[in-house]
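The structure under discussion appears below in the form of structure tokens.
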Amino acid sequence: MAAPKSISSLFAVLSLLVLMVPSLTAAFNYADALAKSIIFFEGQRSGKLPPGNRMPWRGDSGLRDGAQYNVDLVGGYYDAGDNVKFRLPMAFTTTMLAWSVADFGKFMTSSGELAHARAAVRWGADYLLKASTSTADTLYVQVADPARDHACWERPEDMDTPRTVYKVDRAHPGSDVAAETAAALAASAVAFRRADPAYSTKLVQAAVKIFELADRHRGSYSDSLSAAVCPFYCSYSGYHDELLWAAAWLHRTSNNASFMNYVEVNGLQLGAGDDDFSFSWDDKRAGTKILLSKVTTLLLSTQANFFLFIIKGGITRLLSYICWDHYINNHEFLLQMHHQWFLTRKKNKNKPTRLQMLQTYKAHSDTYICSLIPGTSSFQQSQFTPGGLIYKSGGSNMQYVTTTTFLLLAYAKYLRTGGAAVSCGGRDVAPGELVALAKRQVDYILGKNPAGMSYMVGFGARFPRRLHHRGASLPAVRDHPGRIGCDEGFRYLHSGEDDRNVLVGAVVGGPDARDAFTDDRDSYGQSEPATYINAPLVGALAFFAGNVVRR
């Protein structure tokens with residue numbers, strides 16, 4: 001049966017809004033950069049490497065992790081250039097990889113990278129799953145003594161530093177690391193919803209239990225584990241942001257209204273009213289608000305047409321005919337929201353509706369985005385280098401570049417879907433401006449910058465050659481089968497020679513506030529790569545690989 005003409009017309013118009021992107025010209029081969037950005041994760045794997053691992057100089061490592069505690073903690077990722085498995089950045093990495101697949105996976109299909117991206121997500125999710133469910137109400141959150149590990153410069157394949165295991169539980173809470181784990185598993189469930197429904201369901205079930213532990217037994221893992229995690233990956237922002245972040249992801253993956261109720265009831269206490277201008281493994285506030293704005297913009301778009309649909313008697317038929325992902329996954333929730341809207345209006349006209357409360361998240365998202373857009377009243381020039389790179393004080397700046405770039409693209413997508421814009425005082429900023437700013441950041445990373453170099457290893461003719469990374473700097477086992485001891489390795493750290501192995505796809509910490517870069521292993525703030533730098537970039541590169549016009 002053909003859809004009514006009015007519904008078909010509406011479908012055509014809204015489909016155009018979803019698909020419409022600004023005219024973009026490729027400055028680089030984004031598909032190649034995407035492929036390399038994913039290969040990098042294969043170089044960071046711990047455990048028994050699968051056949052066909054595409055970083056051929058890497059070997060198995062950490063095969064007895066957890067054995068002395070009678071728990072299997074083999075696998076996962078090394079976060080950066082050392083051999084410690086830090087749970088908080090690993091979980092965030094997995095969340096961002098999964099978000100990349102969930103929102104931009106369709107752009108990975110033509111290049112054949114979707115399967116590789118899902119494999120990267122699964123490598124992280126599998127580890128998080130077993131490290132969270134092996135013992136009741138206990139999460140194993142770190143493997144290796146970081147002080148002892150950092151006192152040596154060894155390959156992961158033959159490291160002999162203590163593989164101490166650290167955990168959080170009811171008596172020693174870690175709401176931040178537990179909630180981030182819940183978010184990672186929930187986001188991974190979204191990424192696998194269609195590819196592997198049984199696995200997706202398993203992830204959701206585990207995520208719910210972990211979230212309940214995080215929420216009921218509150219406390220920061222920094223307090224519980226002290227020197228084992230600080231100053232390396234202290235939870236400086238506390239755990240409130242992760243609780244809200246996890247609830248938002250659990251709602252997205254499950255459509256369970258109880259998680260949106262949690263957001264509504266606890267939002268202000270957990271930071272919903274705070275403006276924040278960065279997004280990282282530590283601070284999730286900006287990302288949470290962008291994620292919740294997806295619901296807000298969809299609801300606003302739906303409400304705008306709601307009464308028209310009712311008058312035409314077409315709401316039921318509309319939901320039958322339209323097969324967009326966001327309606328398939330959200331239409332029950334949207335209808336519940338409208339029901340709640342009517343009840344609230346009827347009971348108390350002076351009380352804010354849930355929609356009005358959700359609009360808070362869009363308002364704060366707008367504030368965050370407006371600070372990045374030149375020409376707006378709240379634009380902060382200090383957030384950029386002279387060459388145009390987003391810059392935050394402190395080391396490893398590129399992590400903030402890639403997370404911000406991802407949020408720009410995700411928000412642009414949600415705004416387009418809802419037919420909305422960013423409200424910057426007296427000026428509305430169209431989604432296309434967000435995409436254009438994101439593209440400038442990606443292009444800077446790939447080589448369009450004052451130094452004329454790519455900050456992705458193996459991409460372009462000129463890229464960093466001396467990474468603060470043990471595996472890359474030391475001879476591979478295949479080339480040097482004999483063990484290289486703890487102290488012996490430091491001559492490679494301090495050497496001015498190029499890396500013995502190319503860590504393909506790694507994005508380093510990047511240039512300073514004046515666009516200057518020192519290609520030196522000892523300058524770890526600039527030369528060290530990290531999984532949480534690459535993970536958001538995967539989604540951004542996928543978007544541009546699928547939406548640019550090659551010259």
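Residues in the structure tokens are numbered from 1 in each chain, the chains being A, B, ... in the order shown, and ligands are numbered from 1 in the order shown.
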Selection near segment 65-74 of chain A, 9 Å with only C-alpha atoms, sequence-local residues under 2 positions removed, as a PyMOL selection string = chain A and resi 46-48+61-63+76+127+130-131+134-135+140+143-144+163-165
Can you pull out every residue within 10 Å of segment 394-396 of chain A, counting only C-alpha atoms, but drop anything in the same chain fewer than 2 positions away, and send it as a PyMOL selection string?
-> chain A and resi 391-392+398-401+508-513+523-530+533
If you run DSSP over the backbone, which residues in segment 72-218 of chain A end up helix (DSSP H, G or I)? Put them as a PyMOL selection string.
-> chain A and resi 87-107+114-133+146-150+156-158+175-191+197-216
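As for atom CA of Leu541 of chain A and atom CA of Thr288 of chain A, they are spaced 21.5 Å apart.
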Taking into account only C-alpha atoms, which residue in the set A:Met159, A:Val457, A:Leu243, A:Leu114 is nearest to Glu212 of chain A?
-> A:Leu243
Find the residues near Ala363 of chain A: any atom within 9 Å, counting only C-alpha atoms, skip ones fewer than 4 places away on the same chain, and give them as a list in words.
-> Lys289, Ser293, Gln359, Thr367, Tyr368, Val422 and Ser423 of chain A
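Across A:Val265, A:Leu24, A:Ala102, A:Ala247, the tightest approach to Arg193 of chain A is made by A:Ala102 when counting only C-alpha atoms.
Comparing A:Trp245, A:Phe40, A:Phe104, A:Tyr166 by their smallest distance to Ala227 of chain A, the closest is A:Tyr166 (using only C-alpha atoms).
Each of A:Cys424, A:Ala179, A:Met55, A:Leu415 was compared to Thr376 of chain A using only C-alpha atoms, and A:Cys424 turns out to be the nearest.
Between atom CA of Lys439 of chain A and atom CA of Val548 of chain A the interatomic distance comes to 10.1 Å.
Atom CA of Val121 of chain A is positioned 27.6 Å from atom CA of Ala436 of chain A.
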If we count only C-alpha atoms, what is near segment 95-97 of chain A at a cut-off of 10 Å, once residues fewer than 6 positions away on the same chain are taken out, given as a CSV table (one decimal) with C-alpha atoms, in the first residue's frame?
```csv
chain,number,residue,atom,x,y,z
A,38,ILE,CA,41.7,2.3,13.3
A,89,PRO,CA,40.8,6.1,29.8
A,117,ALA,CA,35.9,-0.3,13.7
A,118,ARG,CA,33.6,-2.8,15.4
A,120,ALA,CA,38.2,-2.2,17.9
A,121,VAL,CA,35.1,-1.6,19.9
A,122,ARG,CA,34.7,-5.2,20.7
A,124,GLY,CA,37.7,-3.0,24.5
A,125,ALA,CA,34.2,-4.0,25.4
A,180,GLU,CA,32.3,5.2,32.6
A,181,THR,CA,32.4,1.4,32.2
A,182,ALA,CA,28.6,1.3,32.1
A,183,ALA,CA,28.6,4.0,29.5
A,184,ALA,CA,31.2,2.1,27.4
A,185,LEU,CA,29.2,-1.1,27.5
A,186,ALA,CA,25.9,0.8,26.7
A,187,ALA,CA,27.4,2.6,23.8
A,188,SER,CA,29.0,-0.6,22.5
A,191,ALA,CA,27.2,-0.1,18.0
A,249,TRP,CA,23.8,6.2,27.3
A,281,TRP,CA,38.4,11.0,29.6
A,403,THR,CA,36.8,15.2,21.3
A,406,PHE,CA,33.5,14.8,17.3
A,531,THR,CA,43.8,5.7,22.5
A,532,TYR,CA,41.5,8.5,23.7
A,533,ILE,CA,43.0,10.9,21.1
A,534,ASN,CA,42.3,8.5,18.3
A,535,ALA,CA,38.9,7.2,19.3
A,536,PRO,CA,36.8,10.4,18.7
A,537,LEU,CA,38.8,11.0,15.5
A,538,VAL,CA,37.6,7.7,14.0
A,539,GLY,CA,34.0,9.1,13.9
```
Nearest residue to Met453 of chain A from the set A:Asp241, A:Asp60, A:Asp137, A:Asp519 (distances using only C-alpha atoms) | A:Asp519
Quick one: pick out all strand (DSSP E) residues within segment 160-224 of chain A from a backbone DSSP run and write them as a PyMOL selection string.
-> chain A and resi 165-169
Selected residues written out, N, CA, C and O atoms, as a compact mmCIF listing (two decimals), in the first residue's frame:
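Result file is result25.txt:
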```txt
# COMPACT_ATOMS: atom_id res chain seq x y z
N VAL A 165 47.15 -5.85 40.41
CA VAL A 165 45.75 -5.64 40.04
C VAL A 165 45.06 -4.76 41.09
O VAL A 165 45.22 -4.99 42.30
N TYR A 166 44.33 -3.77 40.63
CA TYR A 166 43.60 -2.87 41.52
C TYR A 166 42.11 -2.98 41.22
O TYR A 166 41.70 -3.14 40.07
N LYS A 167 41.30 -2.88 42.27
CA LYS A 167 39.86 -3.06 42.10
C LYS A 167 39.08 -2.05 42.92
O LYS A 167 39.60 -1.43 43.86
N VAL A 168 37.80 -1.87 42.54
CA VAL A 168 36.84 -1.11 43.34
C VAL A 168 35.66 -2.03 43.64
O VAL A 168 35.35 -2.94 42.86
N ASP A 169 35.02 -1.78 44.78
CA ASP A 169 33.86 -2.58 45.17
C ASP A 169 32.98 -1.75 46.10
O ASP A 169 33.16 -0.53 46.19
```
List the neighbours of Gly546 of chain A out to 9 Å using only C-alpha atoms; skip same-chain residues closer than 4 positions along the sequence, and give me the result as a ChimeraX atom specification.
-> /A:30-31,106-108,110,541-542
Export, as a compact mmCIF listing (two decimals), in the first residue's frame, the selected residues with N, CA, C and O atoms.
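File produced: part07.txt:
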```
# COMPACT_ATOMS: atom_id res chain seq x y z
N TYR A 30 40.59 11.24 3.28
CA TYR A 30 40.05 10.95 4.61
C TYR A 30 39.81 9.45 4.82
O TYR A 30 39.90 8.96 5.95
N ALA A 31 39.50 8.74 3.76
CA ALA A 31 39.28 7.30 3.89
C ALA A 31 40.58 6.61 4.30
O ALA A 31 40.58 5.69 5.12
N LYS A 106 27.77 4.38 9.17
CA LYS A 106 27.31 4.22 7.79
C LYS A 106 28.31 4.78 6.78
O LYS A 106 28.34 4.36 5.63
N PHE A 107 29.15 5.72 7.24
CA PHE A 107 30.16 6.29 6.35
C PHE A 107 31.42 5.43 6.28
O PHE A 107 32.34 5.73 5.53
N MET A 108 31.48 4.38 7.09
CA MET A 108 32.63 3.47 7.08
C MET A 108 32.40 2.28 6.15
O MET A 108 33.34 1.54 5.85
N SER A 110 31.48 1.91 2.85
CA SER A 110 32.02 1.87 1.48
C SER A 110 33.52 1.62 1.45
O SER A 110 34.04 1.03 0.51
N LEU A 541 36.69 11.28 11.05
CA LEU A 541 37.24 10.90 9.75
C LEU A 541 36.23 10.12 8.92
O LEU A 541 36.16 10.28 7.69
N ALA A 542 35.42 9.30 9.58
CA ALA A 542 34.38 8.57 8.86
C ALA A 542 33.39 9.54 8.23
O ALA A 542 33.01 9.38 7.06
```
Hey, what's within 9 Å of Tyr236 of chain A if we count only C-alpha atoms and toss same-chain stuff fewer than 5 positions away? As an MDAnalysis selection string, please?
-> chainID A and resid 222 282:283
